[in-house]
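So this one's work_31.tsv, TSV, C-alpha atoms and all ligand atoms:
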```tsv
chain	number	residue	atom	x	y	z
T	1	MET	CA	-131.20	-60.90	70.55
T	2	ARG	CA	-130.65	-57.56	68.91
T	3	GLY	CA	-126.88	-58.12	69.16
T	4	ALA	CA	-127.22	-61.58	67.57
T	5	ARG	CA	-129.22	-60.11	64.71
T	6	ARG	CA	-126.60	-57.41	64.20
T	7	SER	CA	-123.74	-59.91	64.18
T	8	GLY	CA	-125.69	-62.12	61.70
T	9	ARG	CA	-126.01	-59.11	59.42
T	10	GLY	CA	-122.32	-58.36	59.96
T	11	VAL	CA	-121.31	-61.87	58.87
T	12	ARG	CA	-123.52	-61.62	55.78
T	13	ALA	CA	-122.07	-58.20	54.89
T	14	LEU	CA	-118.56	-59.62	55.34
T	15	TRP	CA	-119.39	-62.63	53.14
T	16	GLU	CA	-120.96	-60.42	50.49
T	17	GLY	CA	-117.94	-58.10	50.69
T	18	SER	CA	-115.48	-60.96	50.11
T	19	VAL	CA	-117.55	-62.33	47.21
T	20	MET	CA	-117.54	-58.85	45.62
T	21	THR	CA	-113.77	-58.53	46.15
T	22	ALA	CA	-113.19	-61.97	44.57
T	23	LEU	CA	-115.41	-61.05	41.60
T	24	ILE	CA	-113.51	-57.79	41.09
T	25	ALA	CA	-110.19	-59.68	41.21
T	26	LEU	CA	-111.49	-62.12	38.58
T	27	TRP	CA	-112.83	-59.26	36.43
T	28	ARG	CA	-109.48	-57.49	36.73
T	29	LYS	CA	-107.49	-60.59	35.63
T	30	ALA	CA	-109.78	-61.21	32.64
T	31	PHE	CA	-109.65	-57.59	31.51
T	32	HIS	CA	-105.91	-57.37	32.04
T	33	LEU	CA	-105.43	-60.29	29.62
T	34	LEU	CA	-107.89	-58.75	27.16
T	35	PHE	CA	-106.26	-55.31	27.23
T	36	ALA	CA	-102.73	-56.73	27.08
T	37	ALA	CA	-103.70	-58.73	23.97
T	38	LEU	CA	-105.43	-55.72	22.43
T	39	PHE	CA	-102.43	-53.44	22.91
T	40	ALA	CA	-100.04	-56.15	21.67
T	41	LEU	CA	-102.12	-56.44	18.48
T	42	THR	CA	-102.70	-52.75	17.84
T	43	GLY	CA	-99.48	-51.32	19.22
T	44	MET	CA	-99.40	-48.16	21.26
T	45	VAL	CA	-102.22	-45.71	20.62
T	46	SER	CA	-100.14	-42.74	21.78
T	47	SER	CA	-97.16	-40.99	20.35
T	48	ALA	CA	-94.44	-40.18	22.85
T	49	PRO	CA	-95.38	-37.23	25.05
T	50	SER	CA	-92.97	-34.35	24.99
T	51	ASP	CA	-91.87	-32.03	27.76
T	52	GLY	CA	-94.09	-29.28	29.12
T	53	GLN	CA	-93.54	-26.28	26.89
T	54	ALA	CA	-92.92	-23.77	29.65
T	55	GLY	CA	-90.63	-25.13	32.28
T	56	LEU	CA	-91.63	-28.77	32.80
T	57	THR	CA	-89.30	-31.65	31.92
T	58	LEU	CA	-90.76	-35.15	31.78
T	59	LEU	CA	-88.75	-37.38	34.11
T	60	ARG	CA	-90.74	-40.58	34.40
T	61	GLU	CA	-94.04	-42.22	33.61
T	62	TYR	CA	-95.83	-45.26	35.02
T	63	ASP	CA	-98.39	-46.78	32.71
T	64	TYR	CA	-101.28	-49.07	33.76
T	65	LEU	CA	-103.89	-50.91	31.73
T	66	TYR	CA	-107.50	-50.04	32.52
T	67	SER	CA	-107.99	-53.25	34.52
T	68	ASP	CA	-105.59	-51.88	37.17
T	69	GLY	CA	-105.78	-48.18	36.32
T	70	VAL	CA	-109.55	-47.86	36.82
T	71	ALA	CA	-108.87	-48.02	40.56
T	72	PHE	CA	-107.06	-44.66	40.33
T	73	CYS	CA	-108.54	-42.92	37.31
T	74	GLN	CA	-109.46	-39.76	39.26
T	75	GLY	CA	-107.08	-38.67	41.98
T	76	LEU	CA	-103.35	-38.54	42.73
T	77	ALA	CA	-101.47	-37.64	45.93
T	78	THR	CA	-98.01	-38.31	47.33
T	79	ASP	CA	-96.24	-38.34	50.69
T	80	GLY	CA	-92.85	-38.43	48.93
T	81	GLU	CA	-92.43	-42.22	49.18
T	82	SER	CA	-95.75	-43.45	47.82
T	83	PHE	CA	-98.38	-42.28	45.41
T	84	TYR	CA	-102.00	-42.59	46.43
T	85	GLY	CA	-104.74	-42.77	43.84
T	86	THR	CA	-108.52	-42.65	43.92
T	87	GLY	CA	-110.90	-43.92	41.26
T	88	CYS	CA	-114.53	-44.65	40.56
T	89	VAL	CA	-116.96	-45.81	37.92
T	90	LYS	CA	-120.16	-43.81	38.18
T	91	TYR	CA	-123.54	-45.55	38.17
T	92	VAL	CA	-122.14	-48.94	39.23
T	93	ASP	CA	-120.97	-47.73	42.64
T	94	TYR	CA	-117.40	-48.86	42.01
T	95	ASN	CA	-114.86	-46.82	43.98
T	96	ALA	CA	-111.29	-47.52	45.03
T	97	ILE	CA	-108.14	-46.17	46.61
T	98	VAL	CA	-104.63	-47.48	45.90
T	99	LYS	CA	-101.11	-47.07	47.20
T	100	ILE	CA	-98.24	-47.17	44.70
T	101	ASP	CA	-94.50	-47.47	45.34
T	102	ALA	CA	-93.19	-44.15	43.97
T	103	ASP	CA	-89.78	-45.69	43.14
T	104	THR	CA	-91.06	-48.62	41.09
T	105	GLY	CA	-94.65	-47.85	40.15
T	106	ALA	CA	-95.83	-51.13	41.69
T	107	ILE	CA	-99.31	-51.09	43.19
T	108	VAL	CA	-98.66	-52.20	46.77
T	109	ARG	CA	-102.21	-51.99	48.13
T	110	CYS	CA	-105.69	-51.55	46.69
T	111	ASN	CA	-108.97	-51.11	48.55
T	112	ASP	CA	-111.75	-51.83	46.06
T	113	LEU	CA	-115.19	-50.65	47.18
T	114	CYS	CA	-113.52	-48.33	49.69
T	115	LEU	CA	-116.72	-46.38	50.49
T	116	PRO	CA	-118.88	-48.25	53.02
T	117	PRO	CA	-122.49	-49.18	52.09
T	118	GLU	CA	-124.02	-46.55	54.40
T	119	VAL	CA	-122.04	-43.82	52.59
T	120	LEU	CA	-122.98	-45.18	49.14
T	121	ALA	CA	-126.61	-45.27	50.32
T	122	LYS	CA	-126.47	-41.48	50.73
T	123	GLY	CA	-125.68	-41.18	47.00
T	124	TYR	CA	-121.92	-40.61	47.16
T	125	SER	CA	-120.59	-42.09	43.95
T	126	HIS	CA	-117.84	-39.95	42.47
T	127	LEU	CA	-114.45	-39.85	44.14
T	128	GLY	CA	-112.35	-37.04	42.70
T	129	ASP	CA	-108.79	-35.83	43.29
T	130	CYS	CA	-107.20	-36.60	46.64
T	131	ALA	CA	-104.45	-35.30	48.92
T	132	TYR	CA	-102.13	-36.66	51.61
T	133	ALA	CA	-101.78	-34.99	55.02
T	134	ASP	CA	-100.64	-36.35	58.41
T	135	GLY	CA	-101.11	-40.03	57.65
T	136	LYS	CA	-104.50	-39.60	56.02
T	137	ILE	CA	-105.84	-39.37	52.48
T	138	TYR	CA	-108.53	-36.76	51.87
T	139	ALA	CA	-110.65	-37.11	48.73
T	140	ALA	CA	-113.29	-34.87	47.17
T	141	CYS	CA	-116.54	-36.74	46.60
T	142	GLU	CA	-119.72	-35.78	44.73
T	143	ALA	CA	-123.16	-37.31	45.23
T	144	PHE	CA	-126.13	-37.87	42.92
T	145	PHE	CA	-127.55	-34.54	41.69
T	146	PHE	CA	-124.49	-32.85	43.26
T	147	ARG	CA	-126.21	-32.69	46.64
T	148	ASP	CA	-124.08	-32.27	49.77
T	149	PRO	CA	-120.57	-32.90	48.36
T	150	ALA	CA	-118.27	-34.32	51.02
T	151	VAL	CA	-114.65	-34.90	51.98
T	152	MET	CA	-113.91	-38.62	52.37
T	153	VAL	CA	-111.05	-39.48	54.73
T	154	PHE	CA	-108.97	-42.69	54.58
T	155	ASP	CA	-106.05	-44.14	56.55
T	156	ALA	CA	-102.95	-43.75	54.33
T	157	GLU	CA	-101.39	-46.97	55.67
T	158	THR	CA	-104.33	-49.38	55.51
T	159	LEU	CA	-106.41	-47.42	52.97
T	160	ASP	CA	-109.42	-48.08	55.23
T	161	PHE	CA	-112.29	-45.56	55.20
T	162	LEU	CA	-112.27	-43.41	58.36
T	163	GLU	CA	-114.96	-40.72	58.14
T	164	TYR	CA	-116.63	-38.17	55.90
T	165	HIS	CA	-117.56	-34.51	56.24
T	166	VAL	CA	-120.21	-32.75	54.17
T	167	LEU	CA	-119.03	-29.35	52.88
T	168	PRO	CA	-120.60	-26.48	54.86
T	169	ARG	CA	-123.60	-25.06	52.98
T	170	GLU	CA	-121.88	-21.71	52.23
T	171	GLY	CA	-118.97	-23.55	50.62
T	172	GLN	CA	-120.96	-25.93	48.39
T	173	GLY	CA	-121.40	-23.63	45.38
T	174	SER	CA	-122.87	-25.61	42.45
T	175	GLY	CA	-122.24	-28.89	44.27
T	176	HIS	CA	-119.44	-29.81	41.88
T	177	PHE	CA	-116.48	-30.92	43.96
T	178	PRO	CA	-113.87	-32.44	41.62
T	179	TRP	CA	-110.71	-32.04	43.67
T	180	LEU	CA	-109.14	-30.81	46.91
T	181	CYS	CA	-105.67	-30.39	48.38
T	182	VAL	CA	-104.48	-29.92	51.95
T	183	GLN	CA	-101.73	-27.53	53.00
T	184	ASP	CA	-100.82	-26.34	56.53
T	185	GLY	CA	-104.21	-27.16	58.03
T	186	THR	CA	-106.27	-25.71	55.17
T	187	ILE	CA	-108.24	-27.63	52.55
T	188	TYR	CA	-108.35	-25.85	49.16
T	189	TYR	CA	-110.88	-26.70	46.44
T	190	THR	CA	-112.83	-25.28	43.50
T	191	GLN	CA	-115.79	-26.29	41.40
T	192	SER	CA	-115.02	-27.79	37.98
T	193	ARG	CA	-116.39	-25.32	35.40
T	194	ASP	CA	-116.21	-21.53	35.20
T	195	VAL	CA	-113.88	-21.33	38.16
T	196	ASP	CA	-113.24	-17.83	39.51
T	197	GLU	CA	-112.71	-18.53	43.19
T	198	VAL	CA	-110.70	-20.90	45.37
T	199	ARG	CA	-112.59	-22.06	48.46
T	200	LEU	CA	-110.98	-22.81	51.81
T	201	LEU	CA	-111.92	-25.15	54.66
T	202	ASP	CA	-110.31	-25.56	58.07
T	203	ALA	CA	-108.90	-29.11	57.98
T	204	ALA	CA	-109.29	-29.42	61.77
T	205	ASP	CA	-113.08	-29.04	61.92
T	206	PHE	CA	-114.10	-28.77	58.24
T	207	SER	CA	-115.59	-25.31	58.79
T	208	TYR	CA	-115.69	-22.82	55.89
T	209	LYS	CA	-112.90	-20.21	55.94
T	210	GLY	CA	-113.93	-18.17	52.88
T	211	SER	CA	-112.51	-17.89	49.38
T	212	VAL	CA	-109.82	-16.29	47.24
T	213	HIS	CA	-111.18	-14.44	44.19
T	214	MET	CA	-109.26	-15.18	40.99
T	215	ASP	CA	-108.58	-12.40	38.46
T	216	ARG	CA	-109.63	-14.61	35.51
T	217	THR	CA	-112.02	-17.50	34.97
T	218	VAL	CA	-110.67	-20.94	34.06
T	219	THR	CA	-112.56	-24.15	33.36
T	220	LYS	CA	-112.62	-27.96	33.46
T	221	ILE	CA	-110.50	-28.07	36.58
T	222	THR	CA	-109.83	-31.65	37.70
T	223	GLY	CA	-106.95	-31.40	40.19
T	224	GLY	CA	-104.77	-29.03	42.16
T	225	ASP	CA	-102.04	-28.63	44.73
T	226	VAL	CA	-100.33	-25.80	46.64
T	227	LEU	CA	-96.61	-25.00	46.66
T	228	ASP	CA	-95.10	-21.91	48.32
T	229	GLY	CA	-98.32	-19.89	48.35
T	230	VAL	CA	-99.18	-20.74	44.76
T	231	LEU	CA	-102.07	-23.01	43.85
T	232	TYR	CA	-101.55	-25.07	40.68
T	233	LEU	CA	-104.72	-26.16	38.87
T	234	ALA	CA	-104.87	-28.93	36.26
T	235	SER	CA	-107.36	-28.30	33.46
T	236	ASN	CA	-108.91	-30.94	31.23
T	237	VAL	CA	-109.78	-28.71	28.31
T	238	GLY	CA	-109.75	-31.02	25.24
T	239	GLY	CA	-106.90	-32.09	23.01
T	240	ARG	CA	-103.62	-33.81	23.78
T	241	GLU	CA	-102.09	-30.65	25.24
T	242	LYS	CA	-103.15	-29.94	28.83
T	243	ILE	CA	-102.82	-26.64	30.68
T	244	THR	CA	-101.81	-26.08	34.30
T	245	TYR	CA	-102.78	-22.70	35.78
T	246	SER	CA	-101.15	-20.99	38.74
T	247	VAL	CA	-103.10	-18.91	41.26
T	248	ASP	CA	-101.25	-16.57	43.62
T	249	LEU	CA	-103.21	-17.21	46.82
T	250	ALA	CA	-102.29	-13.77	48.23
T	251	THR	CA	-103.49	-11.72	45.25
T	252	GLY	CA	-105.70	-14.06	43.18
T	253	GLU	CA	-103.53	-13.45	40.10
T	254	THR	CA	-104.18	-16.41	37.78
T	255	LYS	CA	-101.85	-17.34	34.92
T	256	GLU	CA	-101.10	-20.19	32.59
T	257	ALA	CA	-98.09	-21.92	34.20
T	258	PHE	CA	-97.45	-24.99	32.02
T	259	ARG	CA	-98.65	-26.81	28.92
T	260	ARG	CA	-98.04	-30.54	28.67
T	261	ASP	CA	-98.25	-32.70	25.55
T	262	THR	CA	-99.82	-35.98	26.72
T	263	GLY	CA	-99.27	-37.67	23.35
T	264	ASN	CA	-102.92	-38.67	22.86
T	265	ALA	CA	-105.92	-36.49	21.97
T	266	GLY	CA	-108.16	-38.87	23.96
T	267	THR	CA	-106.34	-38.17	27.21
T	268	GLU	CA	-108.20	-36.72	30.17
T	269	ALA	CA	-106.07	-34.77	32.65
T	270	GLU	CA	-107.26	-35.81	36.10
T	271	GLY	CA	-105.70	-35.37	39.56
T	272	MET	CA	-102.30	-33.88	40.27
T	273	CYS	CA	-99.90	-33.27	43.14
T	274	VAL	CA	-96.65	-31.43	43.78
T	275	SER	CA	-93.81	-32.72	45.94
T	276	ARG	CA	-90.53	-31.35	47.23
T	277	THR	CA	-87.81	-33.73	48.38
T	278	ASP	CA	-84.33	-32.36	49.25
T	279	GLY	CA	-85.19	-29.14	47.44
T	280	GLU	CA	-86.24	-31.00	44.27
T	281	ILE	CA	-89.70	-29.90	43.13
T	282	ARG	CA	-91.74	-32.42	41.18
T	283	PHE	CA	-95.10	-32.07	39.48
T	284	HIS	CA	-97.05	-35.33	39.19
T	285	TYR	CA	-100.06	-35.75	36.90
T	286	LEU	CA	-102.64	-38.44	36.36
T	287	ASP	CA	-103.43	-38.80	32.64
T	288	VAL	CA	-106.28	-41.17	31.77
T	289	VAL	CA	-107.41	-42.54	28.43
T	290	PRO	CA	-110.91	-43.76	29.36
T	291	LEU	CA	-111.38	-47.55	29.17
T	292	ALA	CA	-107.74	-47.93	28.09
T	293	ARG	CA	-105.03	-46.75	30.44
T	294	THR	CA	-104.01	-44.65	33.42
T	295	THR	CA	-100.58	-42.98	33.38
T	296	VAL	CA	-98.73	-41.25	36.23
T	297	ARG	CA	-96.30	-38.68	34.81
T	298	THR	CA	-93.64	-36.94	36.88
T	299	TYR	CA	-91.99	-33.70	35.71
T	300	ALA	CA	-89.18	-31.54	37.04
T	301	SER	CA	-89.93	-27.84	37.18
T	302	ALA	CA	-87.48	-25.19	36.15
T	303	ALA	CA	-89.48	-22.67	38.24
S	401	CA	CA	-104.13	-34.37	44.31
```
Translate the structure of the given file into structure tokens.
Amino acid sequence: MRGARRSGRGVRALWEGSVMTALIALWRKAFHLLFAALFALTGMVSSAPSDGQAGLTLLREYDYLYSDGVAFCQGLATDGESFYGTGCVKYVDYNAIVKIDADTGAIVRCNDLCLPPEVLAKGYSHLGDCAYADGKIYAACEAFFFRDPAVMVFDAETLDFLEYHVLPREGQGSGHFPWLCVQDGTIYYTQSRDVDEVRLLDAADFSYKGSVHMDRTVTKITGGDVLDGVLYLASNVGGREKITYSVDLATGETKEAFRRDTGNAGTEAEGMCVSRTDGEIRFHYLDVVPLARTTVRTYASAA
């Protein structure tokens, strides 16, 4: 009897889930047409972005209208072959994870409403920057009132939700948890504003490993990734030019590494990731003009 009740609920949840997915698909089509018409009428709102001023050369950009780009307006990760993106719309409990062909920019898979109802019920609403490691996507996630921020884990192939882990109390700080990255079994993260330390988790059991003190304070940090012992932090301080900081993880020395002209003063710098393929180092950034477009920009580094 109990089993029958459970399966009845399961069928209803499945039906409700497919109705929601169909509604989102319809919404997406309608808004795609609307935005395409709008941009055709008004032309591009951005001037062409130029190269990073200190050692970044723009190689490629993939541009998406809001109807598609909302699904990855927060986080960006790569395994070398694909990009992975995370997105959310606060207050309406919309959240998503996508997989993008890195060679073409085509969205090959999208999991709308990727957080299960029991996780949403705990107040988790804001997916931030994400990272790829060992076939999984890890994403920073904040809850209402910044209580108990958690790492959400997804299968990188299916994009299905796997599990979540609340940050240990001593590593929660202000509760702001905008981004994370994973490198050699360690999860790195910071809070968003007035950042003067990098916090570390053990990726195996999500226990707190301590922090690296930075020798200067930076702010509005929305993404980060580690390369060769250096943590790169994307900042969303206003204006069309966006700063990337570097933090030497051995000494805490923090410097401005790059400035990028995004071509639009309304751009928000969101998630980022760094990749190395055949010795070629690439910096990838997610630039979002709210309610308009999401752009993935790839740069070569002279460093
Ligand atoms: Ca990332």
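The space between atom CA of Phe146 of chain T and atom CA of Asp202 of chain T spans 21.8 Å.
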message: Please list as number ranges by chain every residue within 9 Å of Lys242 of chain T, counting all atoms listed in the file and excluding residues in the same chain fewer than 6 positions away.
response: T: 234-236, 258-262, 267-269
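With all atoms listed in the file counted, the chains near ligand CA 401 (chain S) contribute these residues within 9 Å: Gly75, Leu76, Ala77, Thr78, Tyr84, Gly85, Gly128, Asp129, Cys130, Ala131, Tyr132, Ala139, Trp179, Leu180, Cys181, Val182, Gly223, Gly224, Asp225, Glu270, Gly271, Met272, Cys273, Val274, His284 and Tyr285 of chain T.
With atom CA of Ile137 of chain T on one side and atom CA of Ala156 of chain T on the other, the separation reads 5.6 Å.
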field: All residues 9 Å or closer to Glu142 of chain T, all atoms listed in the file, same chain fewer than 3 positions away omitted, as a PyMOL selection string
entry: chain T and resi 123-128+145-151+175-178
Output C-alpha atoms of each residue in that selection to a file, as a PDB file, keeping the file's coordinate frame.
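As written to disk, part.pdb reads:
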```
ATOM      1  CA  GLY T 123    -125.680 -41.180  47.000  1.00  0.00           C
ATOM      2  CA  TYR T 124    -121.920 -40.610  47.160  1.00  0.00           C
ATOM      3  CA  SER T 125    -120.590 -42.090  43.950  1.00  0.00           C
ATOM      4  CA  HIS T 126    -117.840 -39.950  42.470  1.00  0.00           C
ATOM      5  CA  LEU T 127    -114.450 -39.850  44.140  1.00  0.00           C
ATOM      6  CA  GLY T 128    -112.350 -37.040  42.700  1.00  0.00           C
ATOM      7  CA  PHE T 145    -127.550 -34.540  41.690  1.00  0.00           C
ATOM      8  CA  PHE T 146    -124.490 -32.850  43.260  1.00  0.00           C
ATOM      9  CA  ARG T 147    -126.210 -32.690  46.640  1.00  0.00           C
ATOM     10  CA  ASP T 148    -124.080 -32.270  49.770  1.00  0.00           C
ATOM     11  CA  PRO T 149    -120.570 -32.900  48.360  1.00  0.00           C
ATOM     12  CA  ALA T 150    -118.270 -34.320  51.020  1.00  0.00           C
ATOM     13  CA  VAL T 151    -114.650 -34.900  51.980  1.00  0.00           C
ATOM     14  CA  GLY T 175    -122.240 -28.890  44.270  1.00  0.00           C
ATOM     15  CA  HIS T 176    -119.440 -29.810  41.880  1.00  0.00           C
ATOM     16  CA  PHE T 177    -116.480 -30.920  43.960  1.00  0.00           C
ATOM     17  CA  PRO T 178    -113.870 -32.440  41.620  1.00  0.00           C
TER      18      PRO T 178
END
```
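Atom CA of Leu33 of chain T to atom CA of Thr158 of chain T spans 28.1 Å [interatomic distance, one decimal].
Using all atoms listed in the file, the residues found no farther than 9 Å from segment 90-105 of chain T, other than those of its own chain fewer than 6 positions away, are Glu61, Tyr62, Asp63, Val70, Ala71, Phe72, Gly75, Thr78, Gly80, Glu81, Ser82, Phe83, Tyr84, Asn111, Asp112, Leu113, Cys114, Leu115, Leu120, Tyr124, Ser125, His126, Leu127, Phe154, Ala156, Glu157, Leu159, Asp160 and Val296 of chain T.
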query: Do you know which residues are at most 8 Å from Asp248 of chain T counting all atoms listed in the file, after dropping those on the same chain fewer than 2 positions away, and could you put them as a PyMOL selection string?
result: chain T and resi 229-231+246+250-254
